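Since the structure comes first, as C-alpha cells, the remarks are kept for the end.
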Amino acid sequence: MIDSVQSLTNYPLPPPHHPVVLCSKISSKEKMPIFVKPKQLPIHRPFGPSLEASEWEDLQATLAHVSRIVETGISQEAGQAALDVADGALVRHMETHISQVTDTPKQRSTTRGGPPIIKWIP
C-alpha cells in the first residue's frame with residue numbers, strides 16, 4: 001500500500017512532467033495474491049518406447065450423455081452441472097493420456113479442472 005506521494009518540482013522538466021516519488025512500507029503483514037499454476041505437462045514424446053495411448057470410448061460415452069442432458073434443456077443448473085462433470089472427465093482423461101504417451105508419472109492430486117487457487121505471498 002502507498003503511504004505518501006511526492007511530486008519533485010525541482011527537476012528541469014516542464015509541467016506536468018515532474019518525477020513522482022511513491023513511498024511504501026513493506027512488512028510481513030502485507031501480502032500480495034498470486035494464482036497457483038499447475039505443473040506444466042510435457043509437450044514432446046521422449047526418445048524410446050512408450051505406452052500405448054489410452055482408449056477414448058469411456059470419455060465419448062460420458063460426453064454423449066452430457067450432450068443429451070444439455071440438449072434437452074431440463075434446466076440451466078442441470079446443464080451447468082453436466083458440463084462441470086464433462087470438463088472434469090476430459091481433464092482427467094487428457095492427463096492420463098499425456099502421462100502414458102510421454103512416460104511421465106501422473107500426479108496424485110492436481111488443480112487442473114478445478115477452481116483457481118490463490119496463494120498470498122509477502
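We label chains A, B, ... in the order they appear in the C-alpha cells, count residues from 1 in each chain, and number ligands from 1 in the order shown.
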Selection near A:Pro19, 8 Å with only C-alpha atoms, sequence-local residues under 6 positions removed, as a list in words: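 Neighbouring residues, sequence-local ones excluded: Ser7, Leu8, Thr9 and Tyr11 of chain A.
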May I have the residues from that selection written out with N, CA, C and O atoms, as a PDB file, in the first residue's frame?
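Final output, saved to again_22.pdb:
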ATOM      1  N   SER A   7       5.583  14.963  -5.475  1.00  0.00           N
ATOM      2  CA  SER A   7       5.997  15.417  -6.801  1.00  0.00           C
ATOM      3  C   SER A   7       7.285  16.215  -6.655  1.00  0.00           C
ATOM      4  O   SER A   7       7.371  17.142  -5.871  1.00  0.00           O
ATOM      5  N   LEU A   8       8.302  15.833  -7.430  1.00  0.00           N
ATOM      6  CA  LEU A   8       9.591  16.523  -7.362  1.00  0.00           C
ATOM      7  C   LEU A   8       9.592  17.649  -8.394  1.00  0.00           C
ATOM      8  O   LEU A   8       9.814  17.442  -9.575  1.00  0.00           O
ATOM      9  N   THR A   9       9.356  18.871  -7.917  1.00  0.00           N
ATOM     10  CA  THR A   9       9.221  20.024  -8.820  1.00  0.00           C
ATOM     11  C   THR A   9      10.543  20.706  -9.133  1.00  0.00           C
ATOM     12  O   THR A   9      10.595  21.595  -9.971  1.00  0.00           O
ATOM     13  N   TYR A  11      13.086  19.515 -10.654  1.00  0.00           N
ATOM     14  CA  TYR A  11      13.721  18.986 -11.860  1.00  0.00           C
ATOM     15  C   TYR A  11      13.403  19.904 -13.037  1.00  0.00           C
ATOM     16  O   TYR A  11      12.328  20.489 -13.120  1.00  0.00           O
TER      17      TYR A  11
END
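Neighbours of A:His97 closer than or equal to 12 Å, with only C-alpha atoms counted and sequence neighbours fewer than 3 positions away skipped, come out as Leu41, Pro42, Arg45, Ser50, Leu51, Glu52, Ala53, Ser54, Glu55, Trp56, Leu59, Leu90, Val91, Arg92, His93, Met94, Gln100, Val101, Thr102, Asp103, Thr104, Pro105 and Lys106 of chain A.
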Those same residues, written as a PDB file, in the first residue's frame with N, CA, C and O atoms?
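Result written to out_2.pdb:
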ATOM      1  N   LEU A  41       2.605 -29.868 -18.267  1.00  0.00           N
ATOM      2  CA  LEU A  41       2.763 -31.207 -18.799  1.00  0.00           C
ATOM      3  C   LEU A  41       3.762 -31.158 -19.956  1.00  0.00           C
ATOM      4  O   LEU A  41       3.870 -30.151 -20.653  1.00  0.00           O
ATOM      5  N   PRO A  42       4.494 -32.261 -20.190  1.00  0.00           N
ATOM      6  CA  PRO A  42       5.437 -32.259 -21.308  1.00  0.00           C
ATOM      7  C   PRO A  42       4.707 -32.147 -22.641  1.00  0.00           C
ATOM      8  O   PRO A  42       3.566 -32.591 -22.776  1.00  0.00           O
ATOM      9  N   ARG A  45       7.191 -36.128 -27.046  1.00  0.00           N
ATOM     10  CA  ARG A  45       7.396 -37.521 -26.650  1.00  0.00           C
ATOM     11  C   ARG A  45       8.874 -37.742 -26.348  1.00  0.00           C
ATOM     12  O   ARG A  45       9.737 -37.211 -27.039  1.00  0.00           O
ATOM     13  N   SER A  50       7.308 -46.102 -25.564  1.00  0.00           N
ATOM     14  CA  SER A  50       6.333 -45.509 -24.646  1.00  0.00           C
ATOM     15  C   SER A  50       5.083 -46.372 -24.642  1.00  0.00           C
ATOM     16  O   SER A  50       4.903 -47.233 -25.502  1.00  0.00           O
ATOM     17  N   LEU A  51       4.239 -46.142 -23.656  1.00  0.00           N
ATOM     18  CA  LEU A  51       2.994 -46.900 -23.557  1.00  0.00           C
ATOM     19  C   LEU A  51       2.048 -46.512 -24.682  1.00  0.00           C
ATOM     20  O   LEU A  51       2.131 -45.422 -25.245  1.00  0.00           O
ATOM     21  N   GLU A  52       1.138 -47.417 -24.974  1.00  0.00           N
ATOM     22  CA  GLU A  52       0.116 -47.119 -25.975  1.00  0.00           C
ATOM     23  C   GLU A  52      -0.848 -46.075 -25.415  1.00  0.00           C
ATOM     24  O   GLU A  52      -1.080 -46.006 -24.216  1.00  0.00           O
ATOM     25  N   ALA A  53      -1.404 -45.287 -26.312  1.00  0.00           N
ATOM     26  CA  ALA A  53      -2.385 -44.280 -25.897  1.00  0.00           C
ATOM     27  C   ALA A  53      -3.639 -44.974 -25.376  1.00  0.00           C
ATOM     28  O   ALA A  53      -4.012 -46.048 -25.841  1.00  0.00           O
ATOM     29  N   SER A  54      -4.277 -44.343 -24.404  1.00  0.00           N
ATOM     30  CA  SER A  54      -5.483 -44.925 -23.813  1.00  0.00           C
ATOM     31  C   SER A  54      -6.673 -44.800 -24.760  1.00  0.00           C
ATOM     32  O   SER A  54      -6.676 -44.001 -25.691  1.00  0.00           O
ATOM     33  N   GLU A  55      -7.674 -45.604 -24.488  1.00  0.00           N
ATOM     34  CA  GLU A  55      -8.889 -45.595 -25.310  1.00  0.00           C
ATOM     35  C   GLU A  55      -9.769 -44.403 -24.923  1.00  0.00           C
ATOM     36  O   GLU A  55      -9.756 -43.951 -23.787  1.00  0.00           O
ATOM     37  N   TRP A  56     -10.573 -43.944 -25.860  1.00  0.00           N
ATOM     38  CA  TRP A  56     -11.405 -42.764 -25.655  1.00  0.00           C
ATOM     39  C   TRP A  56     -12.900 -43.109 -25.566  1.00  0.00           C
ATOM     40  O   TRP A  56     -13.731 -42.221 -25.460  1.00  0.00           O
ATOM     41  N   LEU A  59     -14.768 -41.800 -22.409  1.00  0.00           N
ATOM     42  CA  LEU A  59     -14.959 -40.354 -22.459  1.00  0.00           C
ATOM     43  C   LEU A  59     -16.029 -39.986 -23.479  1.00  0.00           C
ATOM     44  O   LEU A  59     -16.857 -39.112 -23.224  1.00  0.00           O
ATOM     45  N   LEU A  90     -12.925 -34.840 -18.979  1.00  0.00           N
ATOM     46  CA  LEU A  90     -11.995 -34.543 -20.065  1.00  0.00           C
ATOM     47  C   LEU A  90     -10.594 -34.242 -19.526  1.00  0.00           C
ATOM     48  O   LEU A  90      -9.592 -34.755 -20.041  1.00  0.00           O
ATOM     49  N   VAL A  91     -10.513 -33.449 -18.470  1.00  0.00           N
ATOM     50  CA  VAL A  91      -9.211 -33.106 -17.888  1.00  0.00           C
ATOM     51  C   VAL A  91      -8.517 -34.360 -17.357  1.00  0.00           C
ATOM     52  O   VAL A  91      -7.333 -34.588 -17.616  1.00  0.00           O
ATOM     53  N   ARG A  92      -9.245 -35.203 -16.614  1.00  0.00           N
ATOM     54  CA  ARG A  92      -8.638 -36.427 -16.076  1.00  0.00           C
ATOM     55  C   ARG A  92      -8.155 -37.345 -17.201  1.00  0.00           C
ATOM     56  O   ARG A  92      -7.073 -37.920 -17.135  1.00  0.00           O
ATOM     57  N   HIS A  93      -8.972 -37.486 -18.242  1.00  0.00           N
ATOM     58  CA  HIS A  93      -8.598 -38.357 -19.352  1.00  0.00           C
ATOM     59  C   HIS A  93      -7.372 -37.812 -20.095  1.00  0.00           C
ATOM     60  O   HIS A  93      -6.480 -38.578 -20.465  1.00  0.00           O
ATOM     61  N   MET A  94      -7.329 -36.513 -20.320  1.00  0.00           N
ATOM     62  CA  MET A  94      -6.187 -35.918 -21.014  1.00  0.00           C
ATOM     63  C   MET A  94      -4.905 -36.069 -20.184  1.00  0.00           C
ATOM     64  O   MET A  94      -3.841 -36.358 -20.731  1.00  0.00           O
ATOM     65  N   GLN A 100       0.701 -41.280 -20.118  1.00  0.00           N
ATOM     66  CA  GLN A 100       1.068 -42.543 -20.753  1.00  0.00           C
ATOM     67  C   GLN A 100       1.945 -42.322 -21.986  1.00  0.00           C
ATOM     68  O   GLN A 100       2.937 -43.003 -22.184  1.00  0.00           O
ATOM     69  N   VAL A 101       1.568 -41.362 -22.806  1.00  0.00           N
ATOM     70  CA  VAL A 101       2.284 -41.145 -24.060  1.00  0.00           C
ATOM     71  C   VAL A 101       3.688 -40.580 -23.822  1.00  0.00           C
ATOM     72  O   VAL A 101       4.634 -40.945 -24.505  1.00  0.00           O
ATOM     73  N   THR A 102       3.837 -39.698 -22.842  1.00  0.00           N
ATOM     74  CA  THR A 102       5.150 -39.085 -22.586  1.00  0.00           C
ATOM     75  C   THR A 102       5.942 -39.827 -21.508  1.00  0.00           C
ATOM     76  O   THR A 102       7.044 -39.413 -21.170  1.00  0.00           O
ATOM     77  N   ASP A 103       5.367 -40.896 -20.966  1.00  0.00           N
ATOM     78  CA  ASP A 103       6.055 -41.720 -19.966  1.00  0.00           C
ATOM     79  C   ASP A 103       6.468 -40.899 -18.748  1.00  0.00           C
ATOM     80  O   ASP A 103       7.587 -40.974 -18.268  1.00  0.00           O
ATOM     81  N   THR A 104       5.550 -40.073 -18.267  1.00  0.00           N
ATOM     82  CA  THR A 104       5.785 -39.302 -17.048  1.00  0.00           C
ATOM     83  C   THR A 104       4.811 -39.766 -15.979  1.00  0.00           C
ATOM     84  O   THR A 104       3.667 -40.131 -16.291  1.00  0.00           O
ATOM     85  N   PRO A 105       5.236 -39.779 -14.714  1.00  0.00           N
ATOM     86  CA  PRO A 105       4.309 -40.225 -13.664  1.00  0.00           C
ATOM     87  C   PRO A 105       3.150 -39.246 -13.499  1.00  0.00           C
ATOM     88  O   PRO A 105       3.326 -38.031 -13.603  1.00  0.00           O
ATOM     89  N   LYS A 106       1.991 -39.797 -13.261  1.00  0.00           N
ATOM     90  CA  LYS A 106       0.803 -38.966 -13.048  1.00  0.00           C
ATOM     91  C   LYS A 106       0.813 -38.453 -11.613  1.00  0.00           C
ATOM     92  O   LYS A 106       1.123 -39.191 -10.683  1.00  0.00           O
TER      93      LYS A 106
END
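For the choices A:Ser24, A:Gly48, A:Ala86, A:Val5, the atom-to-atom distance to A:Val66 is smallest for A:Ala86 when using only C-alpha atoms.
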Option closest in space to A:Lys31, from A:Gly73, A:Pro122, A:Pro14, A:Gly88 [counting only C-alpha atoms]: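 The closest residue to A:Lys31 is A:Pro122.
Our summary of the geometry notes that atom CA of A:Trp120 is positioned 5.4 Å from atom CA of A:Met32.
Taking atom CA of A:Asp3 and atom CA of A:Val20 as the two end points, the separation is 13.3 Å.
The smallest atom-to-atom distance between A:Ala82 and any of A:Ile43, A:Ile98, A:Val21, A:Ala64, using only C-alpha atoms, is found for A:Ala64.
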Find the residues near A:Ile121: any atom within 10 Å, counting only C-alpha atoms, skip ones fewer than 6 places away on the same chain, and give them as an mmCIF file with N, CA and C atoms, in the first residue's frame.
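So part_28.cif came out as:
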data_model
loop_
_atom_site.group_PDB
_atom_site.id
_atom_site.type_symbol
_atom_site.label_atom_id
_atom_site.label_comp_id
_atom_site.auth_asym_id
_atom_site.auth_seq_id
_atom_site.Cartn_x
_atom_site.Cartn_y
_atom_site.Cartn_z
ATOM 1 N N SER A 28 5.809 -7.801 6.721
ATOM 2 C CA SER A 28 5.395 -9.190 6.534
ATOM 3 C C SER A 28 3.878 -9.338 6.635
ATOM 4 N N LYS A 29 3.207 -8.311 7.150
ATOM 5 C CA LYS A 29 1.750 -8.376 7.259
ATOM 6 C C LYS A 29 1.075 -8.116 5.919
ATOM 7 N N GLU A 30 1.753 -7.384 5.030
ATOM 8 C CA GLU A 30 1.179 -7.087 3.732
ATOM 9 C C GLU A 30 1.520 -8.210 2.768
ATOM 10 N N LYS A 31 0.512 -8.740 2.127
ATOM 11 C CA LYS A 31 0.719 -9.845 1.208
ATOM 12 C C LYS A 31 0.045 -9.540 -0.122
ATOM 13 N N MET A 32 0.532 -10.207 -1.160
ATOM 14 C CA MET A 32 0.010 -9.991 -2.498
ATOM 15 C C MET A 32 -0.549 -11.316 -3.023
ATOM 16 N N PRO A 33 -1.721 -11.288 -3.663
ATOM 17 C CA PRO A 33 -2.284 -12.540 -4.180
ATOM 18 C C PRO A 33 -1.664 -12.908 -5.528
ATOM 19 N N ILE A 34 -1.397 -14.196 -5.702
ATOM 20 C CA ILE A 34 -0.943 -14.711 -6.995
ATOM 21 C C ILE A 34 -1.728 -15.992 -7.288
#
Point-to-point distance in Å for atom CA of A:Leu83 and atom CA of A:Pro115: 14.3 Å
DSSP strand (DSSP E or B) residues within chain A, as a ChimeraX atom specification: /A:2-7,20-24,32-35,118-121
Please produce an output containing C-alpha atoms for each residue in the selection, written as a PDB file, in the first residue's frame.
ATOM      1  CA  ILE A   2       1.204   3.517  -0.763  1.00  0.00           C
ATOM      2  CA  ASP A   3       1.896   5.734   2.263  1.00  0.00           C
ATOM      3  CA  SER A   4       2.734   9.010   0.553  1.00  0.00           C
ATOM      4  CA  VAL A   5       3.132  10.594  -2.873  1.00  0.00           C
ATOM      5  CA  GLN A   6       5.504  13.466  -3.571  1.00  0.00           C
ATOM      6  CA  SER A   7       5.997  15.417  -6.801  1.00  0.00           C
ATOM      7  CA  VAL A  20       6.938  11.370  -8.661  1.00  0.00           C
ATOM      8  CA  VAL A  21       8.130   9.539  -5.555  1.00  0.00           C
ATOM      9  CA  LEU A  22       5.846   6.880  -4.120  1.00  0.00           C
ATOM     10  CA  CYS A  23       6.665   5.843  -0.557  1.00  0.00           C
ATOM     11  CA  SER A  24       5.567   2.485   0.747  1.00  0.00           C
ATOM     12  CA  MET A  32       0.010  -9.991  -2.498  1.00  0.00           C
ATOM     13  CA  PRO A  33      -2.284 -12.540  -4.180  1.00  0.00           C
ATOM     14  CA  ILE A  34      -0.943 -14.711  -6.995  1.00  0.00           C
ATOM     15  CA  PHE A  35      -2.526 -17.577  -8.939  1.00  0.00           C
ATOM     16  CA  ILE A 118      -4.909 -18.080  -4.946  1.00  0.00           C
ATOM     17  CA  LYS A 119      -1.771 -18.019  -2.796  1.00  0.00           C
ATOM     18  CA  TRP A 120      -0.878 -14.986  -0.662  1.00  0.00           C
ATOM     19  CA  ILE A 121       2.841 -14.160  -0.667  1.00  0.00           C
TER      20      ILE A 121
END
Members of chain A assigned helix (DSSP H, G or I) by DSSP, as a count of residues only: 43
